[in-house]
Amino acid sequence: MPERQTTTLVLFGASGDLAGRKVLPALQSALAGDEVRGPVRVVGVGRSELDDTSFRARLSSDERSARLADTAGWVRLDYFDKAAYSALRAVEDGASHVVFYLATPPDVFPAILGGLVEAGLNRRGDPSRRVVVEKPLGHDLESSRELNHQMQETFTEDQIYRIDHYLAKDTVQNVLALRFSNAIFEAIWNRNLVQSVQITAAEEEGIGSRAGYYDESGAVRDMVQNHVLQLLALVAMEPPTTFDARDIRKAKLELLRAVQPIDAQLAVRGQYLGYLDEQGVSRGSRRETYVAAMLSIENWRWDGVPFFIRTGKALRQRTTQVVIRFRDSPSLRLGGTRQRPIPTLLQIRIQPHEGITLRIGAKRPGTRFEMVPAGLDLEYSGLSGSKLPDAYEHVLTEVLSGVHTVFPSGDEIDRSWEIVGDVIRSWEAGGHPELYPIGSWGPEGADELIERLGRSRWLDPGDDLTANGSSARPAPRRL
Ligand code: BG6
């Protein structure tokens, strides 16, 4: 009989925003499912003046965390006081497993790791002791390596869970299913038939109240170094030997090693108008809230295929999608007129309106032979009929079950810093971002970039993939 699993989840920063908004609700939902073994008790740790009773009252006052309240406890701790961590030893009482979740600003990670060692709580090498950290994991390659080094001295790799919540989105996982459970796609997924790839991660919201963090980071660190590159890795990697975490990570790392560092000449930075007036933004800040870039992958499969990425805040609409543009067929000469081919596109909508559309050329019904764009559609929500699970719920389920599928390795994170390092340094050294209006699709330079380097244009979510059906000659700028 396997030992009954009883877990204590020690949540550092438990009175903070991340814990309240994401971690605790996701934990409650994860526990409502049937994948997590055994009971889980939450112990909040933080500087706030709380105790067991007031922390429980806090949890019960929010229906998203109320079911965690009964057994919860609170330990008040000054993160920088090494001796104080001995008070945490009690979390091991009656627990077969202990998860340390660091939902704190990253500047206290080193102190917490040091404190856990001091109290002997890390039990290096014991997979029943786990640590969970979330970005920003470093500010550049050097600080990322430093943090990685300290983490690996404190815990072994199989004890460490580095969150990238994009990997845990259901539709991101579905990229793997699409690619590797349908042989027809793998056969065309390469330089012979793909003309270009574009990845968009657009947000409607501005920076909100996060100026303190964002004005130091910017879009490249906030989104490209992690989410966008991870998504790109799943889209472009070689088939892993198995779908175990170890093999998936290996395949992603191989791919990231082939991705060339982003060249500032092939990138555009933008800043939304009004950013400088946001509370907490430094005067005259040149920080980018938008980035578009062309990436090259130098390997056998992708040589010569441009990968365009863009991400930004305060854009017209929230949307994350991947669009694969396949090579054109030769143009058709029909009834004396030359018909431009309709580009074949595969649009993978990560969010919202999750789904996949394959845009093809079809014959317009009628006696004339005329081509129109048409779509073959999959609405992802129609597959299950139920709501898509929250990414954090997936993350917590894996942490509590000891599975690493949706967690990038330290090497992937370091390599991603190498990819973005040049462009960050170059932008921080000088120049200004191009301004763009709130609610637009970003700076004009981004349109020029994709036209110039990809003979293409960005596909926006409002664009109807099957538009232009009335004309044999599609409007010149439409994909
Ligand atoms: C976070 C970034 O990692 O991802 C935020 O720090 C961003 O700036 C968020 O808003 C986007 O996540 P999602 O799941 O809303 O697309």
# chains A, B, ... in the order shown; residues from 1 in each chain; ligands from 1
$ residues_near_ligand --ligand "ligand 1" --cutoff "7 Å" --atoms "only C-alpha atoms and all ligand atoms" --output "ChimeraX atom specification"
/A:165-166,203,222-223
$ residues_around --residues "Gly38 (chain A)" --least-positions-apart "5" --cutoff "8 Å" --atoms "only C-alpha atoms" --output "PyMOL selection string"
chain A and resi 4-7
$ closest_residue --among "A:Pro437, A:Pro461, A:Gly382, A:Gly421" --to "Gln321 (chain A)" --atoms "only C-alpha atoms"
A:Pro461
$ select_by_dssp --residues "region 302-463 of chain A" --states "strand (DSSP E)" --output "PyMOL selection string"
chain A and resi 307-312+319-326+332-334+337-339+345-351+355-363+371-379+434-436
$ write_last_selection --atoms "C-alpha atoms" --output "compact mmCIF listing (two decimals), in the first residue's frame"
# COMPACT_ATOMS: atom_id res chain seq x y z
CA PHE A 307 8.98 33.51 -36.88
CA PHE A 308 7.29 36.82 -36.08
CA ILE A 309 6.27 37.53 -32.51
CA ARG A 310 4.42 40.47 -31.01
CA THR A 311 3.11 41.23 -27.57
CA GLY A 312 1.91 44.36 -25.89
CA THR A 319 -5.84 37.70 -27.89
CA THR A 320 -3.17 35.05 -27.96
CA GLN A 321 -2.78 33.07 -31.14
CA VAL A 322 -0.36 31.29 -33.40
CA VAL A 323 -0.77 31.52 -37.15
CA ILE A 324 1.10 29.22 -39.50
CA ARG A 325 1.18 30.49 -43.05
CA PHE A 326 1.83 27.78 -45.58
CA LEU A 332 -4.18 29.52 -61.34
CA ARG A 333 -4.97 30.66 -64.83
CA LEU A 334 -8.68 30.25 -65.15
CA THR A 337 -7.61 35.48 -65.86
CA ARG A 338 -4.87 34.81 -63.43
CA GLN A 339 -6.14 34.12 -59.92
CA LEU A 345 -3.39 29.48 -42.90
CA LEU A 346 -3.65 27.52 -39.72
CA GLN A 347 -4.83 29.76 -36.90
CA ILE A 348 -4.46 28.33 -33.39
CA ARG A 349 -6.42 30.48 -30.98
CA ILE A 350 -5.00 30.11 -27.48
CA GLN A 351 -7.40 32.64 -25.94
CA GLY A 355 -10.03 26.90 -31.23
CA ILE A 356 -8.36 26.17 -34.51
CA THR A 357 -9.24 27.30 -38.01
CA LEU A 358 -7.64 26.04 -41.17
CA ARG A 359 -8.20 28.59 -43.92
CA ILE A 360 -8.21 27.07 -47.37
CA GLY A 361 -9.15 28.15 -50.86
CA ALA A 362 -12.43 26.74 -52.17
CA LYS A 363 -14.44 27.10 -55.30
CA MET A 371 -11.77 30.86 -55.69
CA VAL A 372 -12.94 32.03 -52.26
CA PRO A 373 -11.35 31.62 -48.85
CA ALA A 374 -13.13 29.16 -46.60
CA GLY A 375 -12.53 27.93 -43.05
CA LEU A 376 -12.47 24.51 -41.44
CA ASP A 377 -13.20 25.17 -37.80
CA LEU A 378 -12.73 23.60 -34.41
CA GLU A 379 -14.33 25.33 -31.44
CA GLU A 434 7.54 54.25 -31.00
CA LEU A 435 4.35 55.58 -29.45
CA TYR A 436 1.01 53.98 -30.21
$ closest_residue --among "A:Ser61, A:Thr466, A:Thr405, A:Gln195" --to "Ile342 (chain A)" --atoms "only C-alpha atoms"
A:Thr466
$ residues_around --residues "Arg327 (chain A)" --least-positions-apart "3" --cutoff "8 Å" --atoms "only C-alpha atoms" --output "number ranges by chain"
A: 193-195, 343-344
$ write_last_selection --atoms "N, CA and C atoms" --output "PDB file, in the first residue's frame"
ATOM      1  N   LEU A 193       7.109  23.519 -46.474  1.00  0.00           N
ATOM      2  CA  LEU A 193       5.737  23.978 -46.716  1.00  0.00           C
ATOM      3  C   LEU A 193       5.309  25.174 -45.883  1.00  0.00           C
ATOM      4  N   VAL A 194       6.082  25.529 -44.860  1.00  0.00           N
ATOM      5  CA  VAL A 194       5.680  26.689 -44.050  1.00  0.00           C
ATOM      6  C   VAL A 194       6.430  27.914 -44.563  1.00  0.00           C
ATOM      7  N   GLN A 195       5.672  28.977 -44.840  1.00  0.00           N
ATOM      8  CA  GLN A 195       6.313  30.203 -45.320  1.00  0.00           C
ATOM      9  C   GLN A 195       6.734  31.086 -44.152  1.00  0.00           C
ATOM     10  N   PRO A 343      -3.738  32.256 -49.575  1.00  0.00           N
ATOM     11  CA  PRO A 343      -2.795  31.582 -48.683  1.00  0.00           C
ATOM     12  C   PRO A 343      -3.496  30.635 -47.709  1.00  0.00           C
ATOM     13  N   THR A 344      -2.915  29.487 -47.542  1.00  0.00           N
ATOM     14  CA  THR A 344      -3.443  28.523 -46.574  1.00  0.00           C
ATOM     15  C   THR A 344      -2.900  28.903 -45.201  1.00  0.00           C
TER      16      THR A 344
END
$ decode --residues "region 403-437 of chain A" --atoms "N, CA, C and O atoms" --output "compact mmCIF listing (two decimals), in the first residue's frame"
# COMPACT_ATOMS: atom_id res chain seq x y z
N VAL A 403 4.44 16.11 -10.66
CA VAL A 403 4.63 16.00 -12.10
C VAL A 403 5.15 17.34 -12.62
O VAL A 403 4.74 18.40 -12.16
N HIS A 404 6.04 17.29 -13.65
CA HIS A 404 6.70 18.52 -14.11
C HIS A 404 6.34 18.93 -15.55
O HIS A 404 7.04 19.75 -16.14
N THR A 405 5.29 18.37 -16.11
CA THR A 405 5.05 18.58 -17.55
C THR A 405 4.98 20.05 -17.95
O THR A 405 5.45 20.44 -19.00
N VAL A 406 4.33 20.88 -17.14
CA VAL A 406 4.13 22.27 -17.56
C VAL A 406 5.14 23.24 -16.94
O VAL A 406 4.90 24.44 -16.89
N PHE A 407 6.26 22.70 -16.48
CA PHE A 407 7.25 23.57 -15.84
C PHE A 407 8.55 23.60 -16.65
O PHE A 407 9.14 22.55 -16.88
N PRO A 408 9.00 24.78 -17.06
CA PRO A 408 10.27 24.84 -17.79
C PRO A 408 11.44 24.52 -16.87
O PRO A 408 11.37 24.76 -15.66
N SER A 409 12.49 24.01 -17.45
CA SER A 409 13.68 23.71 -16.65
C SER A 409 14.52 24.98 -16.48
O SER A 409 14.36 25.96 -17.22
N GLY A 410 15.45 24.95 -15.55
CA GLY A 410 16.35 26.08 -15.34
C GLY A 410 17.16 26.39 -16.59
O GLY A 410 17.42 27.55 -16.92
N ASP A 411 17.55 25.35 -17.33
CA ASP A 411 18.33 25.57 -18.55
C ASP A 411 17.52 26.31 -19.61
O ASP A 411 18.04 27.15 -20.34
N GLU A 412 16.24 25.96 -19.71
CA GLU A 412 15.40 26.67 -20.68
C GLU A 412 15.30 28.15 -20.31
O GLU A 412 15.32 29.03 -21.18
N ILE A 413 15.20 28.41 -19.03
CA ILE A 413 15.06 29.80 -18.59
C ILE A 413 16.34 30.57 -18.87
O ILE A 413 16.31 31.69 -19.40
N ASP A 414 17.47 29.96 -18.57
CA ASP A 414 18.75 30.62 -18.88
C ASP A 414 18.88 30.88 -20.38
O ASP A 414 19.28 31.96 -20.82
N ARG A 415 18.56 29.87 -21.19
CA ARG A 415 18.69 30.03 -22.64
C ARG A 415 17.76 31.16 -23.14
O ARG A 415 18.13 31.94 -24.02
N SER A 416 16.57 31.25 -22.55
CA SER A 416 15.65 32.31 -22.98
C SER A 416 16.22 33.69 -22.66
O SER A 416 16.03 34.64 -23.43
N TRP A 417 16.94 33.79 -21.55
CA TRP A 417 17.59 35.08 -21.25
C TRP A 417 18.67 35.38 -22.29
O TRP A 417 18.87 36.53 -22.68
N GLU A 418 19.34 34.34 -22.76
CA GLU A 418 20.35 34.58 -23.80
C GLU A 418 19.70 35.10 -25.09
O GLU A 418 20.24 35.96 -25.77
N ILE A 419 18.52 34.57 -25.38
CA ILE A 419 17.85 34.98 -26.62
C ILE A 419 17.42 36.45 -26.58
O ILE A 419 17.48 37.16 -27.57
N VAL A 420 16.99 36.91 -25.39
CA VAL A 420 16.49 38.30 -25.31
C VAL A 420 17.54 39.30 -24.85
O VAL A 420 17.29 40.51 -24.86
N GLY A 421 18.71 38.81 -24.45
CA GLY A 421 19.72 39.69 -23.84
C GLY A 421 20.15 40.85 -24.72
O GLY A 421 20.19 42.01 -24.29
N ASP A 422 20.47 40.56 -26.00
CA ASP A 422 21.00 41.60 -26.89
C ASP A 422 20.00 42.74 -27.08
O ASP A 422 20.35 43.91 -27.00
N VAL A 423 18.76 42.35 -27.34
CA VAL A 423 17.79 43.41 -27.65
C VAL A 423 17.50 44.25 -26.39
O VAL A 423 17.38 45.47 -26.46
N ILE A 424 17.49 43.62 -25.24
CA ILE A 424 17.27 44.39 -24.00
C ILE A 424 18.42 45.38 -23.81
O ILE A 424 18.21 46.57 -23.56
N ARG A 425 19.63 44.87 -23.95
CA ARG A 425 20.80 45.76 -23.74
C ARG A 425 20.80 46.90 -24.75
O ARG A 425 21.03 48.05 -24.39
N SER A 426 20.50 46.58 -25.97
CA SER A 426 20.54 47.61 -26.99
C SER A 426 19.47 48.68 -26.71
O SER A 426 19.74 49.87 -26.82
N TRP A 427 18.30 48.27 -26.32
CA TRP A 427 17.24 49.25 -26.06
C TRP A 427 17.52 50.05 -24.79
O TRP A 427 17.20 51.23 -24.71
N GLU A 428 18.11 49.40 -23.82
CA GLU A 428 18.39 50.14 -22.58
C GLU A 428 19.53 51.14 -22.79
O GLU A 428 19.66 52.11 -22.06
N ALA A 429 20.34 50.88 -23.83
CA ALA A 429 21.47 51.79 -24.09
C ALA A 429 21.01 53.08 -24.74
O ALA A 429 21.70 54.09 -24.68
N GLY A 430 19.88 53.11 -25.39
CA GLY A 430 19.46 54.35 -26.02
C GLY A 430 18.26 54.19 -26.92
O GLY A 430 17.70 53.10 -27.02
N GLY A 431 17.90 55.31 -27.55
CA GLY A 431 16.75 55.29 -28.45
C GLY A 431 15.43 55.40 -27.70
O GLY A 431 15.42 55.41 -26.46
N HIS A 432 14.38 55.51 -28.49
CA HIS A 432 13.05 55.67 -27.89
C HIS A 432 12.07 54.70 -28.50
O HIS A 432 12.17 54.38 -29.68
N PRO A 433 11.11 54.29 -27.71
CA PRO A 433 10.06 53.44 -28.30
C PRO A 433 9.15 54.28 -29.19
O PRO A 433 9.04 55.49 -29.01
N GLU A 434 8.51 53.58 -30.14
CA GLU A 434 7.54 54.25 -31.00
C GLU A 434 6.22 54.30 -30.23
O GLU A 434 5.78 53.29 -29.68
N LEU A 435 5.59 55.47 -30.22
CA LEU A 435 4.35 55.58 -29.45
C LEU A 435 3.17 55.01 -30.24
O LEU A 435 3.15 55.10 -31.47
N TYR A 436 2.22 54.45 -29.53
CA TYR A 436 1.01 53.98 -30.21
C TYR A 436 -0.20 54.30 -29.34
O TYR A 436 -0.11 54.31 -28.11
N PRO A 437 -1.33 54.57 -30.00
CA PRO A 437 -2.52 54.91 -29.22
C PRO A 437 -3.09 53.71 -28.48
O PRO A 437 -3.04 52.59 -29.00
